[in-house]
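Quick notes on the structure that follows.
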Amino acid sequence: MADVTAMTSSTKTRAACLIGWPAAHSRSPLIHHYWLRMLGIEGGYVIEAVPPDDFKDFLFRLSLRGFVGANVTIPHKERALALSTPDDRARAVGAANTLWFADGELRSTNTDVEGFINNLDACAPGWDQAEDALVLGAGGSARAVVFGLVERGIARVHLVNRTIDRARALADQFGARVHPATWDDVPALLPRAGLLVNTTSLGMQGQPALEIDVGLLPQGAVVSDLVYVPLVTPLLAAAERRGLKIADGLGMLLHQAVRGFELWFGQRPQVTPELRALVEADLTKT
């Protein structure tokens with residue numbers, strides 16, 4: 001049961017926010033302001049730096065501050081789940097990243113699930129014909145990915161993590177279709193994987209490279225990387241050289257923002273090449 005309830009703001013101009021601590025530079029305002037402008041909606045989206053000790057009070061007063069909803073980022077996602085009424089996705093992932101009001105109640109979901117799945121649908125139609133998926137990592141992002149894959153009907157999801165107990169814990173949660181594995185198992189699993197997903201920080205700017213031989217993947221496999229800095233990770237570059245379809249982290253970032261905008265502002269926005277170019281330019285500027 002949620003212990004944070006409130007009525008939505010009755011002001012004409014709707015506004016949403018991103019709640020985080022520290023409030024690092026986020027591309028969310030850029031994305032939402034673009035959609036507000038394109039759809040001719042009078043509204044706003046701002047970043048709110050809220051320390052953990054103040055988070056509960058901030059949520060309790062969310063509508064009084066004029067907000068119709070919010071995105072939630074590190075380190076508040078688990079608290080947001082506990083302080084709201086979550087849907088099945090947020091509950092399964094164990095974290096909430098999108099909040100909105102309905103019938104006087106603060107509701108929550110996790111849009112990383114649909115961001116991941118909808119990005120795959122856009123970049124590699126037919127990807128879900130794969131019987132086996134190989135997911136690297138067992139953190140919060142992996143939970144969203146595994147939930148989406150199981151929900152979509154992928155027959156076998158092989159979950160690889162450095163700490164096998166963590167992979168086992170996720171497998172226990174998501175059922176018999178999820179199979180824990182170690183990094184040593186990867187070479188044997190790659191030839192069967194119609195989809196390879198990296199949810200780790202390996203390959204991210206400033207992090208060690210991800211050592212994976214995409215040459216072992218079957219022809220027609222799809223490679224997805226949740227990292228979006230750099231835009232084209234070494235994993236995706238290697239997949240492209242092999243002629244495989246790819247789905248990058250920026251695409252997931254854009255697609256995960258769609259539902260929140262629709263919940264707050266009442267219109268479903270589109271992820272367009274123009275929006276992607278705008279965010280790409282912001283990511284690559286020095």
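Convention: chains lettered A, B, ... in structure tokens order; per-chain residue numbering from 1; ligands numbered from 1 as shown.
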Among range 51-272 of chain A, which residues does DSSP mark as helix (DSSP H, G or I) when it is run on the backbone? Keep the chain and numbering as in the structure and answer as a PDB file with C-alpha atoms, in the first residue's frame.
```pdb
ATOM      1  CA  PRO A  52      18.002  10.727   0.366  1.00  0.00           C
ATOM      2  CA  ASP A  53      16.897  12.126   3.741  1.00  0.00           C
ATOM      3  CA  ASP A  54      14.510  14.532   2.006  1.00  0.00           C
ATOM      4  CA  PHE A  55      13.150  12.147  -0.621  1.00  0.00           C
ATOM      5  CA  LYS A  56      10.037  10.936   1.221  1.00  0.00           C
ATOM      6  CA  ASP A  57       8.967  14.472   2.100  1.00  0.00           C
ATOM      7  CA  PHE A  58       9.610  15.612  -1.474  1.00  0.00           C
ATOM      8  CA  LEU A  59       7.337  12.873  -2.838  1.00  0.00           C
ATOM      9  CA  PHE A  60       4.657  13.622  -0.255  1.00  0.00           C
ATOM     10  CA  LYS A  77      14.521   4.107  -7.461  1.00  0.00           C
ATOM     11  CA  GLU A  78      13.991   1.514  -4.721  1.00  0.00           C
ATOM     12  CA  ARG A  79      12.526   4.078  -2.296  1.00  0.00           C
ATOM     13  CA  ALA A  80      10.209   5.334  -5.031  1.00  0.00           C
ATOM     14  CA  LEU A  81       8.874   1.796  -5.386  1.00  0.00           C
ATOM     15  CA  ALA A  82       8.203   1.518  -1.648  1.00  0.00           C
ATOM     16  CA  ASP A  88       3.727  -5.404 -12.127  1.00  0.00           C
ATOM     17  CA  ARG A  89       6.779  -4.194 -14.052  1.00  0.00           C
ATOM     18  CA  ALA A  90       8.118  -1.977 -11.284  1.00  0.00           C
ATOM     19  CA  ARG A  91       7.471  -4.697  -8.714  1.00  0.00           C
ATOM     20  CA  ALA A  92       9.252  -7.345 -10.775  1.00  0.00           C
ATOM     21  CA  VAL A  93      12.239  -5.110 -11.504  1.00  0.00           C
ATOM     22  CA  ASP A 112      13.269   0.667 -18.764  1.00  0.00           C
ATOM     23  CA  VAL A 113      11.362  -2.505 -19.718  1.00  0.00           C
ATOM     24  CA  GLU A 114       9.422  -0.945 -22.592  1.00  0.00           C
ATOM     25  CA  GLY A 115      12.361   1.302 -23.473  1.00  0.00           C
ATOM     26  CA  PHE A 116      14.491  -1.779 -24.081  1.00  0.00           C
ATOM     27  CA  ILE A 117      11.798  -3.781 -25.899  1.00  0.00           C
ATOM     28  CA  ASN A 118      10.477  -0.909 -28.042  1.00  0.00           C
ATOM     29  CA  ASN A 119      14.012   0.049 -29.071  1.00  0.00           C
ATOM     30  CA  LEU A 120      14.641  -3.532 -30.215  1.00  0.00           C
ATOM     31  CA  ASP A 121      11.362  -3.503 -32.151  1.00  0.00           C
ATOM     32  CA  ALA A 122      12.401  -0.272 -33.883  1.00  0.00           C
ATOM     33  CA  CYS A 123      15.995  -1.296 -34.663  1.00  0.00           C
ATOM     34  CA  TRP A 127      14.352 -10.033 -33.029  1.00  0.00           C
ATOM     35  CA  ASP A 128      11.872 -11.935 -30.854  1.00  0.00           C
ATOM     36  CA  GLN A 129      12.058 -14.943 -33.160  1.00  0.00           C
ATOM     37  CA  GLY A 140      18.977  -3.315 -12.006  1.00  0.00           C
ATOM     38  CA  SER A 141      19.114  -2.861 -15.779  1.00  0.00           C
ATOM     39  CA  ALA A 142      19.417  -6.618 -16.269  1.00  0.00           C
ATOM     40  CA  ARG A 143      16.271  -7.144 -14.200  1.00  0.00           C
ATOM     41  CA  ALA A 144      14.331  -4.865 -16.559  1.00  0.00           C
ATOM     42  CA  VAL A 145      15.805  -6.597 -19.617  1.00  0.00           C
ATOM     43  CA  VAL A 146      15.086 -10.110 -18.339  1.00  0.00           C
ATOM     44  CA  PHE A 147      11.526  -9.170 -17.383  1.00  0.00           C
ATOM     45  CA  GLY A 148      10.948  -7.785 -20.882  1.00  0.00           C
ATOM     46  CA  LEU A 149      12.402 -10.857 -22.590  1.00  0.00           C
ATOM     47  CA  VAL A 150      10.373 -13.289 -20.488  1.00  0.00           C
ATOM     48  CA  GLU A 151       7.219 -11.217 -21.011  1.00  0.00           C
ATOM     49  CA  ARG A 152       7.853 -11.219 -24.768  1.00  0.00           C
ATOM     50  CA  ILE A 164      26.931 -16.470  -9.999  1.00  0.00           C
ATOM     51  CA  ASP A 165      24.783 -16.174  -6.857  1.00  0.00           C
ATOM     52  CA  ARG A 166      23.373 -12.891  -8.160  1.00  0.00           C
ATOM     53  CA  ALA A 167      22.458 -14.495 -11.457  1.00  0.00           C
ATOM     54  CA  ARG A 168      20.860 -17.399  -9.589  1.00  0.00           C
ATOM     55  CA  ALA A 169      18.771 -14.994  -7.497  1.00  0.00           C
ATOM     56  CA  LEU A 170      17.351 -13.388 -10.641  1.00  0.00           C
ATOM     57  CA  ALA A 171      16.759 -16.763 -12.246  1.00  0.00           C
ATOM     58  CA  ASP A 172      14.837 -17.878  -9.147  1.00  0.00           C
ATOM     59  CA  GLN A 173      12.681 -14.762  -9.380  1.00  0.00           C
ATOM     60  CA  PHE A 174      11.887 -14.957 -13.095  1.00  0.00           C
ATOM     61  CA  TRP A 183      31.658 -15.650 -17.865  1.00  0.00           C
ATOM     62  CA  ASP A 184      33.458 -18.914 -18.583  1.00  0.00           C
ATOM     63  CA  ASP A 185      30.250 -20.206 -20.163  1.00  0.00           C
ATOM     64  CA  VAL A 186      29.980 -17.339 -22.659  1.00  0.00           C
ATOM     65  CA  PRO A 187      31.942 -18.867 -25.589  1.00  0.00           C
ATOM     66  CA  ALA A 188      29.709 -21.957 -25.520  1.00  0.00           C
ATOM     67  CA  LEU A 189      26.515 -19.876 -25.264  1.00  0.00           C
ATOM     68  CA  LEU A 190      27.268 -17.364 -28.043  1.00  0.00           C
ATOM     69  CA  PRO A 191      26.645 -19.725 -31.014  1.00  0.00           C
ATOM     70  CA  ARG A 192      23.091 -20.324 -29.744  1.00  0.00           C
ATOM     71  CA  VAL A 214      30.834 -11.559 -31.691  1.00  0.00           C
ATOM     72  CA  GLY A 215      32.214 -13.797 -34.435  1.00  0.00           C
ATOM     73  CA  LEU A 216      30.779 -16.717 -32.466  1.00  0.00           C
ATOM     74  CA  PRO A 234      33.299  -1.420 -29.174  1.00  0.00           C
ATOM     75  CA  LEU A 235      30.743  -4.252 -28.885  1.00  0.00           C
ATOM     76  CA  LEU A 236      28.324  -2.550 -31.284  1.00  0.00           C
ATOM     77  CA  ALA A 237      31.142  -1.590 -33.663  1.00  0.00           C
ATOM     78  CA  ALA A 238      32.268  -5.220 -33.828  1.00  0.00           C
ATOM     79  CA  ALA A 239      28.690  -6.371 -34.429  1.00  0.00           C
ATOM     80  CA  GLU A 240      28.246  -3.841 -37.241  1.00  0.00           C
ATOM     81  CA  ARG A 241      31.469  -4.994 -38.898  1.00  0.00           C
ATOM     82  CA  GLY A 249      21.709   2.543 -25.449  1.00  0.00           C
ATOM     83  CA  LEU A 250      20.635   5.951 -26.758  1.00  0.00           C
ATOM     84  CA  GLY A 251      17.653   4.355 -28.487  1.00  0.00           C
ATOM     85  CA  MET A 252      16.618   2.744 -25.209  1.00  0.00           C
ATOM     86  CA  LEU A 253      17.027   6.078 -23.383  1.00  0.00           C
ATOM     87  CA  LEU A 254      14.701   7.778 -25.870  1.00  0.00           C
ATOM     88  CA  HIS A 255      12.085   5.022 -25.923  1.00  0.00           C
ATOM     89  CA  GLN A 256      11.948   4.708 -22.125  1.00  0.00           C
ATOM     90  CA  VAL A 258       7.789   7.964 -24.030  1.00  0.00           C
ATOM     91  CA  ARG A 259       5.370   6.554 -21.474  1.00  0.00           C
ATOM     92  CA  GLY A 260       6.184   9.066 -18.750  1.00  0.00           C
ATOM     93  CA  PHE A 261       5.518  11.945 -21.115  1.00  0.00           C
ATOM     94  CA  GLU A 262       2.193  10.386 -22.141  1.00  0.00           C
ATOM     95  CA  LEU A 263       1.135   9.875 -18.514  1.00  0.00           C
ATOM     96  CA  TRP A 264       1.995  13.450 -17.532  1.00  0.00           C
ATOM     97  CA  PHE A 265       1.007  15.452 -20.589  1.00  0.00           C
TER      98      PHE A 265
END
```
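Among the candidate residues A:Val46, A:Val271, A:Ile19, A:Trp100, the one lying nearest to His76 in chain A is A:Ile19, with distances computed using only C-alpha atoms.
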*Mind the document's chain letters and residue numbers, and return as an MDAnalysis selection string the residues of range 67-285 of chain A that DSSP labels strand (DSSP E or B).*
chainID A and resid 67:72 85:86 98:102 105:109 132:136 156:160 178:181 195:198 222:225 245:247
_What's around Thr85 in chain A at 12 Å? Count only C-alpha atoms, leave out sequence neighbours fewer than 2 positions away in its own chain, and write the answer as a PyMOL selection string._
chain A and resi 1-5+79-83+87-91+95-96+98-110
*For Thr182 in chain A, which residue out of A:Ser28, A:Thr200, A:Gln267, A:Asn161 is the nearest one, using only C-alpha atoms?*
A:Asn161
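With distances restricted to only C-alpha atoms, A:Ala16 is the closest residue to His33 in chain A from A:Ala193, A:Ile154, A:Pro180, A:Ala16.
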If we count only C-alpha atoms, what is near Val223 in chain A at a cut-off of 6 Å, once residues fewer than 5 positions away on the same chain are taken out, given as a CSV table (one decimal) with N, CA, C and O atoms, in the first residue's frame?
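Result file result17.csv:
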```csv
chain,number,residue,atom,x,y,z
A,195,LEU,N,20.1,-13.3,-29.6
A,195,LEU,CA,20.1,-11.9,-29.1
A,195,LEU,C,21.2,-11.8,-28.0
A,195,LEU,O,21.2,-12.7,-27.1
A,196,LEU,N,22.1,-10.9,-28.1
A,196,LEU,CA,23.1,-10.6,-27.1
A,196,LEU,C,22.9,-9.2,-26.5
A,196,LEU,O,22.8,-8.3,-27.2
A,246,ILE,N,22.0,-4.0,-34.8
A,246,ILE,CA,22.3,-3.5,-33.4
A,246,ILE,C,21.2,-2.6,-32.9
A,246,ILE,O,20.4,-2.0,-33.6
```
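Checking A:Ala247, A:Leu217, A:Ile47, A:Leu36 one by one against Cys17 in chain A, counting only C-alpha atoms, you find the shortest gap at A:Ile47.
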*Could you pull the residues within 9 Å of Arg27 in chain A, counting only C-alpha atoms, minus those fewer than 4 positions along the same chain, as a VMD selection string?*
chain A and resid 31 to 32 253 279 282 to 283
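Of the residues under consideration (A:Ile74, A:Leu30, A:Ala221, A:Val227), A:Ala221 shows the shortest atom-to-atom contact distance to Leu134 in chain A when counting only C-alpha atoms.
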_Nearest-residue call for Val68 in chain A, choices A:Ile212, A:Ile41, A:Ala15, A:Val160, using only C-alpha atoms_ = A:Ala15
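One distance worth recording is that between CA of Ser224 in chain A and CA of Val135 in chain A, which is 9.5 Å.
Going from CA of Val229 in chain A over to CA of Gln270 in chain A, you cover 22.6 Å.
Close contacts of Glu280 in chain A, defined as residues with an atom at most 9 Å away when counting only C-alpha atoms, with chain neighbours fewer than 4 positions off set aside, comprise Leu231, Leu250, Leu275, Arg276, Thr284 and Lys285 of chain A.
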